[in-house]
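K.L.:
A single structure is presented below for examination.
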Amino acid sequence: MISPKYAREIPQRYRLEAAKCKSCGKINFPPRLVCPRCKSREFETVRLSNEGKILTYTIIRVSSDTFSHQTPYAVAIIETNDGAKLMAMIADSDLNEIEIGKKVKLVFRKIQDEGVWGLHCYGYKAVLI
Amino acid sequence: MIGIVGYGSYLPRYRVKVESIAKQWGSDPEAIKRGLKLFEKTVPGMDEDTITISVEASKNALKRAGIDPEKIGAVYIGSESHPYAVKPSGTILLEALGIGNDVHVASYEFACKAGTEAMYTAYSLVKADEMEYALAIGADTSQGAPGDALEYSASAGGTAFIMGKQNVIAEILFTHSYTSDTPDFWRREHEFYPRHAGRFTGEPAYFKHVVNAGKKLLEKSNMKPEDFKYAVFHMPNGKFPQIAAKKLGFTLEQIETGWIVPWMGNTYSGSSPTGLSAILDVAKPGDKIFMVSFGSGAGSDGFIFNVTDKIVDVQDKAPKLKEMLDNNKIYLDYGEYAKFREKIILNQ
Ligand SMILES: [Zn+2]
């Protein structure tokens with residue numbers, strides 16, 4: 001059962017909401033209670049840029065059952081244009097075209113289904129631009 | 001002035017050609033291309049559905065409208081492929097776009113015309129001064145049963161329109177709807193694929209409703225087909241909208257720009273709305289546009305638009321339909337297509 005966790009993370013998964021530290025300006029994604037850089041507890045909510053670049057990636061050929069019909073697929077660490085780092089699957093891409101440093105856009109996709117009866121879980125994936 | 005203040009479309013990158021489908025079932029692809037005027041169609045990725053398509057189309061509409069999403073007072077998504085039987089697609093979309101929670105949301109269903117129903121309701125609410133902006137979307141990931149003629153046409157994509165009063169790019173001058181009980185096409189609860197009544201879908205269904213709605217719209221507006229730069233009709237295949245245009249007195253030149261079905265397929269609720277999107281991409285101030293949708297069951301919604309001076313400010317703010325249709329295509333063979341569309345029975 002992933003529904004409760006999924007619902008809690010909607011602001012981050014659907015619209016990339018991050019917490020920007022009011023004292024040092026660091027953008028924390030996902031949001032934190034205490035800024036890891038300056039220990040401040042004051043944040044403002046910002047939405048991350050939906051563009052960025054690939055910092056590193058790997059190709060999954062043997063996946064968990066949930067994603068077994070989508071293999072092989074790439075999972076990357078993306079740095080958004082505002083400096084946040086996040087992990088995302090790369091969609092709609094020829095695996096041979098994926099390279100470190102390439103520019104990507106974050107798009108809204110279905111990430112997984114909770115079996116045949118459960119929720120459709122949505123979130124961000126990256127596509128090459 | 002009330003009308004469209006922003007519009008945007010989304011098409012998946014995947015395609016399947018008529019040849020690939022015809023080969024699977026031992027049919028002659030040339031006969032289908034000639035008869036139905038279809039060459040290829042869009043296919044949704046395994047991670048795409050009506051909701052993801054609606055979100056991406058709406059992001060493009062918001063880029064063109066340049067408005068604060070929180071000012072949107074209603075979200076209506078028309079589709080015959082809503083991912084949930086019970087839970088409106090708009091609930092997910094409003095969170096993804098940051099529309100906030102003070103909003104009226106509903107899912108529409110009316111075979112292929114659910115998108116124009118959403119447009120009509122959104123327009124009417126703005127006209128009634130109930131809200132500043134309303135968002136209307138027609139999107140589908142429609143399915144045809146394996147081996148059925150619908151397999152050549154049923155495709156995926158969608159278009160979103162934001163209706164409002166400020167900075168209108170296409171004013172809505174007139175509307176008309178025509179509806180009857182016509183059993184040409186249906187799907188019972190829990191059935192995976194729709195059923196259709198073969199040749200019954202043409203004359204008593206599509207043509208009767210499109211032509212009657214179209215005629216009434218011309219009467220109401222006191223306008224003639226020659227007064228319009230563009231016309232767009234629902235496109236279940238390439239041939240039907242050409243015949244409907246002729247029956248109403250429009251030329252093939254008038255429908256050419258919005259006639260995207262040979263390469264897109266029938267995006268059901270997103271069909272005529274996406275044709276309209278292709279027209280708005282190139283329209284000039286003062287152009288009049290004639291639009292009639294069709295949904296089996298059956299009914300048609302008609303609109304007359306007048307393109308304003310503001311159109312040129314927004315056309316380049318989001319990707320154009322033709323770019324999405326012609327570029328970045330990934331072709332699938334029939335096996336891959338069947339897997340993508342979950343036509344293969346798997347062990348759970
Ligand atoms: Zn800090």
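Residues in the structure tokens are numbered from 1 in each chain, the chains being A, B, ... in the order shown, and ligands are numbered from 1 in the order shown.
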Considering only C-alpha atoms, return as a list in words whatever protein or nucleic-acid residues lie within 9 Å of Met264 (chain B), sequence-local ones (same chain, fewer than 6 positions apart) excluded.
P.N.:
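Listed by chain and then number, they are Leu11, Arg15, Leu38, Phe39, Glu40, Lys41, Thr42, Ser153, Ser155, Ala156, Gly157 and Leu325 of chain B.
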K.L.:
Could you take the residues named above and write them with N, CA, C and O atoms, as a short mmCIF file (atom, residue, chain, number, x, y, z; two decimals), in the first residue's frame?
P.N.:
```cif
data_model
loop_
_atom_site.label_atom_id
_atom_site.label_comp_id
_atom_site.auth_asym_id
_atom_site.auth_seq_id
_atom_site.Cartn_x
_atom_site.Cartn_y
_atom_site.Cartn_z
N LEU B 11 0.88 15.82 -28.22
CA LEU B 11 0.81 14.53 -28.91
C LEU B 11 1.97 13.66 -28.44
O LEU B 11 3.10 14.15 -28.34
N ARG B 15 4.41 6.37 -32.90
CA ARG B 15 3.52 6.23 -34.06
C ARG B 15 3.48 4.77 -34.49
O ARG B 15 4.46 4.04 -34.33
N LEU B 38 -6.01 7.40 -44.17
CA LEU B 38 -5.21 7.33 -42.94
C LEU B 38 -3.86 6.73 -43.28
O LEU B 38 -3.80 5.73 -44.01
N PHE B 39 -2.77 7.30 -42.77
CA PHE B 39 -1.43 6.80 -43.04
C PHE B 39 -0.73 6.27 -41.79
O PHE B 39 -0.05 5.26 -41.82
N GLU B 40 -0.86 6.99 -40.71
CA GLU B 40 -0.25 6.57 -39.44
C GLU B 40 -1.01 7.24 -38.31
O GLU B 40 -1.84 8.13 -38.55
N LYS B 41 -0.74 6.79 -37.07
CA LYS B 41 -1.45 7.40 -35.93
C LYS B 41 -0.54 7.47 -34.72
O LYS B 41 0.44 6.72 -34.62
N THR B 42 -0.89 8.34 -33.80
CA THR B 42 -0.12 8.48 -32.56
C THR B 42 -0.48 7.34 -31.60
O THR B 42 -1.60 6.83 -31.61
N SER B 153 -7.46 3.87 -36.73
CA SER B 153 -7.71 5.29 -36.46
C SER B 153 -7.52 5.70 -35.00
O SER B 153 -7.00 6.78 -34.73
N SER B 155 -6.36 6.91 -31.77
CA SER B 155 -5.03 7.39 -31.43
C SER B 155 -5.03 8.19 -30.13
O SER B 155 -6.02 8.15 -29.39
N ALA B 156 -3.96 8.88 -29.85
CA ALA B 156 -3.82 9.56 -28.56
C ALA B 156 -3.31 10.99 -28.72
O ALA B 156 -2.41 11.25 -29.51
N GLY B 157 -3.91 11.89 -27.93
CA GLY B 157 -3.47 13.28 -27.94
C GLY B 157 -4.55 14.15 -27.35
O GLY B 157 -5.63 13.65 -27.01
N LEU B 325 3.52 17.02 -34.68
CA LEU B 325 3.04 15.97 -35.58
C LEU B 325 4.17 15.46 -36.49
O LEU B 325 4.24 14.26 -36.78
#
```
K.L.:
Wanna dump the chain A-chain B contacts at 8 Å for me, each residue with its shortest atom pair and the distance in Å to one decimal, counting only C-alpha atoms, ordered by chain and number, as JSON lines?
P.N.:
```
{"residue": "A:Ile10", "atom": "CA", "partner": "B:Glu95", "partner_atom": "CA", "distance": 7.6}
{"residue": "A:Pro11", "atom": "CA", "partner": "B:Glu95", "partner_atom": "CA", "distance": 7.4}
{"residue": "A:Tyr14", "atom": "CA", "partner": "B:Ala96", "partner_atom": "CA", "distance": 4.6}
{"residue": "A:Arg15", "atom": "CA", "partner": "B:Ala96", "partner_atom": "CA", "distance": 5.2}
{"residue": "A:Gln70", "atom": "CA", "partner": "B:Met46", "partner_atom": "CA", "distance": 7.9}
{"residue": "A:Asp92", "atom": "CA", "partner": "B:Arg13", "partner_atom": "CA", "distance": 7.4}
{"residue": "A:Val107", "atom": "CA", "partner": "B:Glu56", "partner_atom": "CA", "distance": 7.4}
{"residue": "A:Phe108", "atom": "CA", "partner": "B:Thr52", "partner_atom": "CA", "distance": 5.7}
{"residue": "A:Arg109", "atom": "CA", "partner": "B:Thr52", "partner_atom": "CA", "distance": 5.5}
{"residue": "A:Lys110", "atom": "CA", "partner": "B:Asp47", "partner_atom": "CA", "distance": 4.7}
{"residue": "A:Ile111", "atom": "CA", "partner": "B:Asp47", "partner_atom": "CA", "distance": 6.6}
{"residue": "A:Gln112", "atom": "CA", "partner": "B:Asp47", "partner_atom": "CA", "distance": 7.9}
```
K.L.:
Quick one: pick out all alpha helix (DSSP H) residues within region 5-117 of chain A from a backbone DSSP run and write them as a PyMOL selection string.
P.N.:
chain A and resi 5-8+10-15
K.L.:
Could those selected residues go to a file with N, CA and C atoms, as a PDB file, in the first residue's frame?
P.N.:
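Saved result, part.pdb, follows:
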```pdb
ATOM      1  N   LYS A   5       1.731   7.536   1.400  1.00  0.00           N
ATOM      2  CA  LYS A   5       3.014   8.176   1.106  1.00  0.00           C
ATOM      3  C   LYS A   5       2.890   8.962  -0.208  1.00  0.00           C
ATOM      4  N   TYR A   6       2.228   8.339  -1.163  1.00  0.00           N
ATOM      5  CA  TYR A   6       2.051   8.969  -2.471  1.00  0.00           C
ATOM      6  C   TYR A   6       1.298  10.300  -2.331  1.00  0.00           C
ATOM      7  N   ALA A   7       0.208  10.300  -1.574  1.00  0.00           N
ATOM      8  CA  ALA A   7      -0.596  11.513  -1.412  1.00  0.00           C
ATOM      9  C   ALA A   7       0.199  12.624  -0.725  1.00  0.00           C
ATOM     10  N   ARG A   8       1.032  12.250   0.271  1.00  0.00           N
ATOM     11  CA  ARG A   8       1.845  13.250   0.982  1.00  0.00           C
ATOM     12  C   ARG A   8       2.837  13.938   0.054  1.00  0.00           C
ATOM     13  N   ILE A  10       2.545  14.625  -3.160  1.00  0.00           N
ATOM     14  CA  ILE A  10       1.966  15.230  -4.371  1.00  0.00           C
ATOM     15  C   ILE A  10       2.598  16.586  -4.740  1.00  0.00           C
ATOM     16  N   PRO A  11       2.780  17.522  -3.780  1.00  0.00           N
ATOM     17  CA  PRO A  11       3.341  18.819  -4.187  1.00  0.00           C
ATOM     18  C   PRO A  11       4.725  18.696  -4.851  1.00  0.00           C
ATOM     19  N   GLN A  12       5.530  17.728  -4.381  1.00  0.00           N
ATOM     20  CA  GLN A  12       6.864  17.544  -4.974  1.00  0.00           C
ATOM     21  C   GLN A  12       6.766  16.778  -6.287  1.00  0.00           C
ATOM     22  N   ARG A  13       6.017  15.688  -6.275  1.00  0.00           N
ATOM     23  CA  ARG A  13       5.959  14.828  -7.469  1.00  0.00           C
ATOM     24  C   ARG A  13       5.220  15.486  -8.634  1.00  0.00           C
ATOM     25  N   TYR A  14       4.166  16.244  -8.346  1.00  0.00           N
ATOM     26  CA  TYR A  14       3.360  16.820  -9.428  1.00  0.00           C
ATOM     27  C   TYR A  14       3.892  18.166  -9.911  1.00  0.00           C
ATOM     28  N   ARG A  15       4.325  19.005  -8.967  1.00  0.00           N
ATOM     29  CA  ARG A  15       4.672  20.364  -9.400  1.00  0.00           C
ATOM     30  C   ARG A  15       6.004  20.848  -8.851  1.00  0.00           C
TER      31      ARG A  15
END
```
K.L.:
Residues at most 9 Å from ligand 1, using only C-alpha atoms and all ligand atoms? Could they come as an NGL selection string?
P.N.:
:A and (20-28 or 34-43)
K.L.:
Which parts of region 151-342 of chain B does DSSP call strand (DSSP E) when run on the backbone here, written out as a CSV table (one decimal) with N, CA and C atoms, in the first residue's frame?
P.N.:
```
chain,number,residue,atom,x,y,z
B,156,ALA,N,-4.0,8.9,-29.8
B,156,ALA,CA,-3.8,9.6,-28.6
B,156,ALA,C,-3.3,11.0,-28.7
B,157,GLY,N,-3.9,11.9,-27.9
B,157,GLY,CA,-3.5,13.3,-27.9
B,157,GLY,C,-4.6,14.1,-27.4
B,158,GLY,N,-4.3,15.4,-27.2
B,158,GLY,CA,-5.3,16.3,-26.7
B,158,GLY,C,-4.9,17.8,-26.8
B,159,THR,N,-6.0,18.6,-26.5
B,159,THR,CA,-5.8,20.0,-26.6
B,159,THR,C,-6.6,20.7,-25.5
B,160,ALA,N,-6.0,21.8,-24.9
B,160,ALA,CA,-6.6,22.5,-23.8
B,160,ALA,C,-6.9,23.9,-24.3
B,161,PHE,N,-8.0,24.5,-23.8
B,161,PHE,CA,-8.3,25.9,-24.1
B,161,PHE,C,-8.6,26.6,-22.8
B,162,ILE,N,-8.1,27.8,-22.6
B,162,ILE,CA,-8.5,28.6,-21.5
B,162,ILE,C,-9.5,29.7,-22.0
B,163,MET,N,-10.7,29.7,-21.4
B,163,MET,CA,-11.7,30.7,-21.8
B,163,MET,C,-11.6,31.8,-20.9
B,164,GLY,N,-11.8,33.0,-21.4
B,164,GLY,CA,-11.7,34.2,-20.5
B,164,GLY,C,-12.2,35.4,-21.3
B,170,ALA,N,-9.3,34.4,-29.7
B,170,ALA,CA,-10.3,33.9,-30.7
B,170,ALA,C,-11.7,34.0,-30.0
B,171,GLU,N,-12.4,35.1,-30.4
B,171,GLU,CA,-13.7,35.3,-29.8
B,171,GLU,C,-14.7,34.3,-30.3
B,172,ILE,N,-15.6,33.8,-29.3
B,172,ILE,CA,-16.6,32.9,-29.7
B,172,ILE,C,-17.9,33.7,-30.1
B,173,LEU,N,-18.3,33.7,-31.3
B,173,LEU,CA,-19.4,34.5,-31.8
B,173,LEU,C,-20.7,33.8,-31.7
B,174,PHE,N,-20.7,32.5,-32.1
B,174,PHE,CA,-22.0,31.7,-32.0
B,174,PHE,C,-21.7,30.3,-31.6
B,175,THR,N,-22.7,29.6,-31.0
B,175,THR,CA,-22.5,28.2,-30.8
B,175,THR,C,-23.9,27.5,-31.1
B,176,HIS,N,-23.8,26.3,-31.4
B,176,HIS,CA,-25.1,25.5,-31.5
B,176,HIS,C,-24.8,24.0,-31.3
B,177,SER,N,-25.7,23.3,-30.6
B,177,SER,CA,-25.6,21.9,-30.4
B,177,SER,C,-26.8,21.2,-30.9
B,178,TYR,N,-26.5,19.9,-31.4
B,178,TYR,CA,-27.6,19.1,-32.0
B,178,TYR,C,-27.4,17.7,-31.5
B,179,THR,N,-28.4,17.1,-30.9
B,179,THR,CA,-28.3,15.8,-30.2
B,179,THR,C,-29.5,14.9,-30.4
B,180,SER,N,-29.3,13.6,-30.5
B,180,SER,CA,-30.4,12.7,-30.6
B,180,SER,C,-30.0,11.3,-30.1
B,181,ASP,N,-30.9,10.4,-29.9
B,181,ASP,CA,-30.6,9.1,-29.5
B,181,ASP,C,-30.3,8.2,-30.7
B,182,THR,N,-29.1,8.1,-31.0
B,182,THR,CA,-28.6,7.3,-32.2
B,182,THR,C,-27.6,6.2,-31.8
B,185,PHE,N,-22.6,3.7,-31.8
B,185,PHE,CA,-21.3,3.3,-31.2
B,185,PHE,C,-21.5,3.4,-29.7
B,186,TRP,N,-21.0,2.4,-29.0
B,186,TRP,CA,-21.2,2.5,-27.5
B,186,TRP,C,-20.2,1.6,-26.8
B,195,ARG,N,-18.2,-0.9,-29.1
B,195,ARG,CA,-18.9,-1.6,-30.2
B,195,ARG,C,-19.4,-0.6,-31.2
B,196,HIS,N,-19.4,-0.9,-32.4
B,196,HIS,CA,-20.0,0.1,-33.4
B,196,HIS,C,-20.9,-0.6,-34.4
B,230,TYR,N,-11.2,29.2,-42.4
B,230,TYR,CA,-11.0,27.9,-42.0
B,230,TYR,C,-12.2,27.2,-41.5
B,231,ALA,N,-12.3,25.8,-41.7
B,231,ALA,CA,-13.3,25.0,-41.1
B,231,ALA,C,-12.7,23.7,-40.5
B,232,VAL,N,-13.2,23.2,-39.4
B,232,VAL,CA,-12.7,22.0,-38.9
B,232,VAL,C,-13.9,21.2,-38.4
B,233,PHE,N,-13.9,19.9,-38.8
B,233,PHE,CA,-14.9,19.0,-38.4
B,233,PHE,C,-14.3,17.8,-37.6
B,288,LYS,N,-12.1,34.1,-39.8
B,288,LYS,CA,-13.3,33.4,-39.1
B,288,LYS,C,-13.1,31.9,-39.2
B,289,ILE,N,-13.4,31.2,-38.1
B,289,ILE,CA,-13.2,29.7,-38.1
B,289,ILE,C,-14.5,29.1,-37.8
B,290,PHE,N,-14.9,28.0,-38.5
B,290,PHE,CA,-16.1,27.3,-38.3
B,290,PHE,C,-15.7,25.9,-37.8
B,291,MET,N,-16.3,25.5,-36.7
B,291,MET,CA,-16.0,24.2,-36.1
B,291,MET,C,-17.2,23.4,-35.7
B,292,VAL,N,-17.2,22.1,-36.1
B,292,VAL,CA,-18.3,21.2,-35.6
B,292,VAL,C,-17.7,19.9,-35.2
B,297,GLY,N,-23.7,8.5,-30.3
B,297,GLY,CA,-24.7,8.4,-29.3
B,297,GLY,C,-26.0,9.1,-29.5
B,298,ALA,N,-26.1,10.3,-30.1
B,298,ALA,CA,-25.0,11.0,-30.8
B,298,ALA,C,-25.3,12.5,-30.8
B,299,GLY,N,-24.3,13.3,-31.0
B,299,GLY,CA,-24.5,14.8,-31.0
B,299,GLY,C,-23.3,15.5,-31.6
B,300,SER,N,-23.5,16.8,-31.9
B,300,SER,CA,-22.5,17.7,-32.4
B,300,SER,C,-22.6,19.0,-31.7
B,301,ASP,N,-21.4,19.6,-31.5
B,301,ASP,CA,-21.3,21.0,-30.9
B,301,ASP,C,-20.7,21.8,-32.0
B,302,GLY,N,-21.2,23.0,-32.3
B,302,GLY,CA,-20.7,23.9,-33.3
B,302,GLY,C,-20.3,25.2,-32.7
B,303,PHE,N,-19.2,25.8,-33.2
B,303,PHE,CA,-18.7,27.1,-32.8
B,303,PHE,C,-18.3,27.9,-34.0
B,304,ILE,N,-18.4,29.2,-33.8
B,304,ILE,CA,-17.9,30.2,-34.8
B,304,ILE,C,-16.9,31.1,-34.0
B,305,PHE,N,-15.7,31.1,-34.5
B,305,PHE,CA,-14.6,31.9,-33.9
B,305,PHE,C,-14.2,33.1,-34.8
B,306,ASN,N,-13.9,34.2,-34.1
B,306,ASN,CA,-13.3,35.3,-34.8
B,306,ASN,C,-11.9,35.6,-34.2
B,307,VAL,N,-10.9,35.4,-35.0
B,307,VAL,CA,-9.5,35.5,-34.5
B,307,VAL,C,-9.2,37.0,-34.3
B,330,ILE,N,8.8,8.2,-33.1
B,330,ILE,CA,9.4,6.9,-32.8
B,330,ILE,C,8.3,5.9,-33.3
B,331,TYR,N,8.7,5.1,-34.3
B,331,TYR,CA,7.8,4.2,-34.9
B,331,TYR,C,7.8,2.8,-34.2
```
K.L.:
Report as a list in words all protein, DNA and RNA residues lying within 8 Å of region 114-117 of chain B, evaluated on only C-alpha atoms, omitting residues in the same chain fewer than 4 positions from it.
P.N.:
Ile77, Gly78, Ser79, Glu80, Tyr108, Glu109, Phe110, Thr121, Ala136, Ile137, Gly138, Ala139, Ser269, Gly270, Pro273, Ser293, Gly295 and Asp301 of chain B
K.L.:
Take the residues from that selection and put them in a file with all heavy atoms, as a CSV table (one decimal), in the first residue's frame.
P.N.:
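For reference, part_25.csv as written:
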```
chain,number,residue,atom,x,y,z
B,77,ILE,N,-12.5,18.1,-18.2
B,77,ILE,CA,-11.8,17.3,-19.1
B,77,ILE,C,-12.8,16.4,-19.8
B,77,ILE,O,-13.5,15.6,-19.1
B,77,ILE,CB,-10.7,16.5,-18.4
B,77,ILE,CG1,-9.7,17.4,-17.6
B,77,ILE,CG2,-9.9,15.6,-19.4
B,77,ILE,CD1,-8.6,16.7,-16.9
B,78,GLY,N,-12.8,16.4,-21.1
B,78,GLY,CA,-13.7,15.6,-21.9
B,78,GLY,C,-12.9,14.4,-22.5
B,78,GLY,O,-11.8,14.7,-23.1
B,79,SER,N,-13.3,13.2,-22.2
B,79,SER,CA,-12.5,12.0,-22.7
B,79,SER,C,-13.4,10.8,-22.6
B,79,SER,O,-14.3,10.7,-21.8
B,79,SER,CB,-11.3,11.8,-21.8
B,79,SER,OG,-10.5,10.7,-22.2
B,80,GLU,N,-13.1,9.8,-23.5
B,80,GLU,CA,-13.8,8.5,-23.3
B,80,GLU,C,-12.8,7.5,-22.7
B,80,GLU,O,-13.1,6.3,-22.6
B,80,GLU,CB,-14.4,8.0,-24.6
B,80,GLU,CG,-13.5,7.7,-25.7
B,80,GLU,CD,-13.7,6.3,-26.2
B,80,GLU,OE1,-14.8,5.9,-26.6
B,80,GLU,OE2,-12.6,5.6,-26.3
B,108,TYR,N,-16.1,15.0,-18.4
B,108,TYR,CA,-17.2,14.8,-19.4
B,108,TYR,C,-16.9,13.6,-20.2
B,108,TYR,O,-15.8,13.2,-20.5
B,108,TYR,CB,-17.3,16.0,-20.3
B,108,TYR,CG,-17.9,17.2,-19.7
B,108,TYR,CD1,-17.2,18.4,-19.6
B,108,TYR,CD2,-19.2,17.1,-19.2
B,108,TYR,CE1,-17.8,19.5,-19.0
B,108,TYR,CE2,-19.8,18.2,-18.6
B,108,TYR,CZ,-19.1,19.4,-18.5
B,108,TYR,OH,-19.7,20.5,-17.9
B,109,GLU,N,-18.0,12.9,-20.6
B,109,GLU,CA,-18.0,11.8,-21.5
B,109,GLU,C,-19.1,11.9,-22.5
B,109,GLU,O,-20.2,12.1,-22.2
B,109,GLU,CB,-18.2,10.5,-20.8
B,109,GLU,CG,-16.9,10.0,-20.1
B,109,GLU,CD,-17.1,8.6,-19.6
B,109,GLU,OE1,-17.5,7.7,-20.4
B,109,GLU,OE2,-16.8,8.3,-18.4
B,110,PHE,N,-18.7,11.9,-23.8
B,110,PHE,CA,-19.7,11.8,-24.9
B,110,PHE,C,-19.0,11.4,-26.1
B,110,PHE,O,-18.8,12.1,-27.1
B,110,PHE,CB,-20.4,13.2,-25.1
B,110,PHE,CG,-21.7,13.2,-25.9
B,110,PHE,CD1,-22.7,14.0,-25.6
B,110,PHE,CD2,-21.8,12.3,-27.0
B,110,PHE,CE1,-23.9,14.0,-26.3
B,110,PHE,CE2,-23.0,12.3,-27.7
B,110,PHE,CZ,-24.0,13.1,-27.4
B,121,THR,N,-19.1,24.5,-22.0
B,121,THR,CA,-19.5,24.8,-20.6
B,121,THR,C,-18.5,25.8,-20.0
B,121,THR,O,-18.9,26.7,-19.3
B,121,THR,CB,-19.4,23.5,-19.7
B,121,THR,OG1,-20.1,22.4,-20.4
B,121,THR,CG2,-20.1,23.7,-18.4
B,136,ALA,N,-10.8,24.1,-20.4
B,136,ALA,CA,-11.5,23.0,-21.0
B,136,ALA,C,-10.5,22.2,-21.8
B,136,ALA,O,-9.7,22.7,-22.6
B,136,ALA,CB,-12.6,23.6,-22.0
B,137,ILE,N,-10.6,20.9,-21.7
B,137,ILE,CA,-9.7,20.0,-22.3
B,137,ILE,C,-10.4,18.8,-23.0
B,137,ILE,O,-11.3,18.3,-22.5
B,137,ILE,CB,-8.7,19.4,-21.3
B,137,ILE,CG1,-7.9,20.5,-20.5
B,137,ILE,CG2,-7.7,18.4,-21.9
B,137,ILE,CD1,-7.5,20.1,-19.2
B,138,GLY,N,-9.9,18.5,-24.2
B,138,GLY,CA,-10.4,17.3,-24.9
B,138,GLY,C,-9.2,16.4,-25.1
B,138,GLY,O,-8.2,16.8,-25.8
B,139,ALA,N,-9.1,15.2,-24.5
B,139,ALA,CA,-8.0,14.4,-24.6
B,139,ALA,C,-8.4,12.9,-24.6
B,139,ALA,O,-9.4,12.6,-23.9
B,139,ALA,CB,-7.0,14.6,-23.5
B,269,SER,N,-12.0,12.7,-28.3
B,269,SER,CA,-12.4,13.9,-27.7
B,269,SER,C,-11.4,15.0,-28.1
B,269,SER,O,-11.7,16.2,-28.0
B,269,SER,CB,-12.5,13.8,-26.2
B,269,SER,OG,-13.4,12.8,-25.8
B,270,GLY,N,-10.2,14.6,-28.4
B,270,GLY,CA,-9.2,15.6,-28.8
B,270,GLY,C,-9.1,15.9,-30.3
B,270,GLY,O,-8.2,16.5,-30.8
B,273,PRO,N,-10.8,19.6,-31.5
B,273,PRO,CA,-10.1,20.6,-30.8
B,273,PRO,C,-8.6,20.7,-31.2
B,273,PRO,O,-8.0,21.8,-31.3
B,273,PRO,CB,-10.2,20.1,-29.3
B,273,PRO,CG,-11.5,19.4,-29.3
B,273,PRO,CD,-11.6,18.7,-30.6
B,293,SER,N,-18.0,19.5,-33.9
B,293,SER,CA,-17.5,18.2,-33.4
B,293,SER,C,-18.6,17.1,-33.7
B,293,SER,O,-19.7,17.4,-34.2
B,293,SER,CB,-17.2,18.3,-31.9
B,293,SER,OG,-18.4,18.5,-31.2
B,295,GLY,N,-19.9,13.4,-31.6
B,295,GLY,CA,-19.8,12.3,-30.6
B,295,GLY,C,-20.9,11.3,-30.9
B,295,GLY,O,-22.0,11.6,-31.0
B,301,ASP,N,-21.4,19.6,-31.5
B,301,ASP,CA,-21.3,21.0,-30.9
B,301,ASP,C,-20.7,21.8,-32.0
B,301,ASP,O,-19.6,21.5,-32.5
B,301,ASP,CB,-20.5,21.0,-29.7
B,301,ASP,CG,-21.1,20.2,-28.5
B,301,ASP,OD1,-22.3,20.2,-28.4
B,301,ASP,OD2,-20.3,19.6,-27.8
```
K.L.:
For Asn167 (chain B), please output as a PyMOL selection string all residues within 10 Å (counting only C-alpha atoms; exclusion window: fewer than 4 positions along the same chain).
P.N.:
chain B and resi 1-6+65-66+171+308-311+313
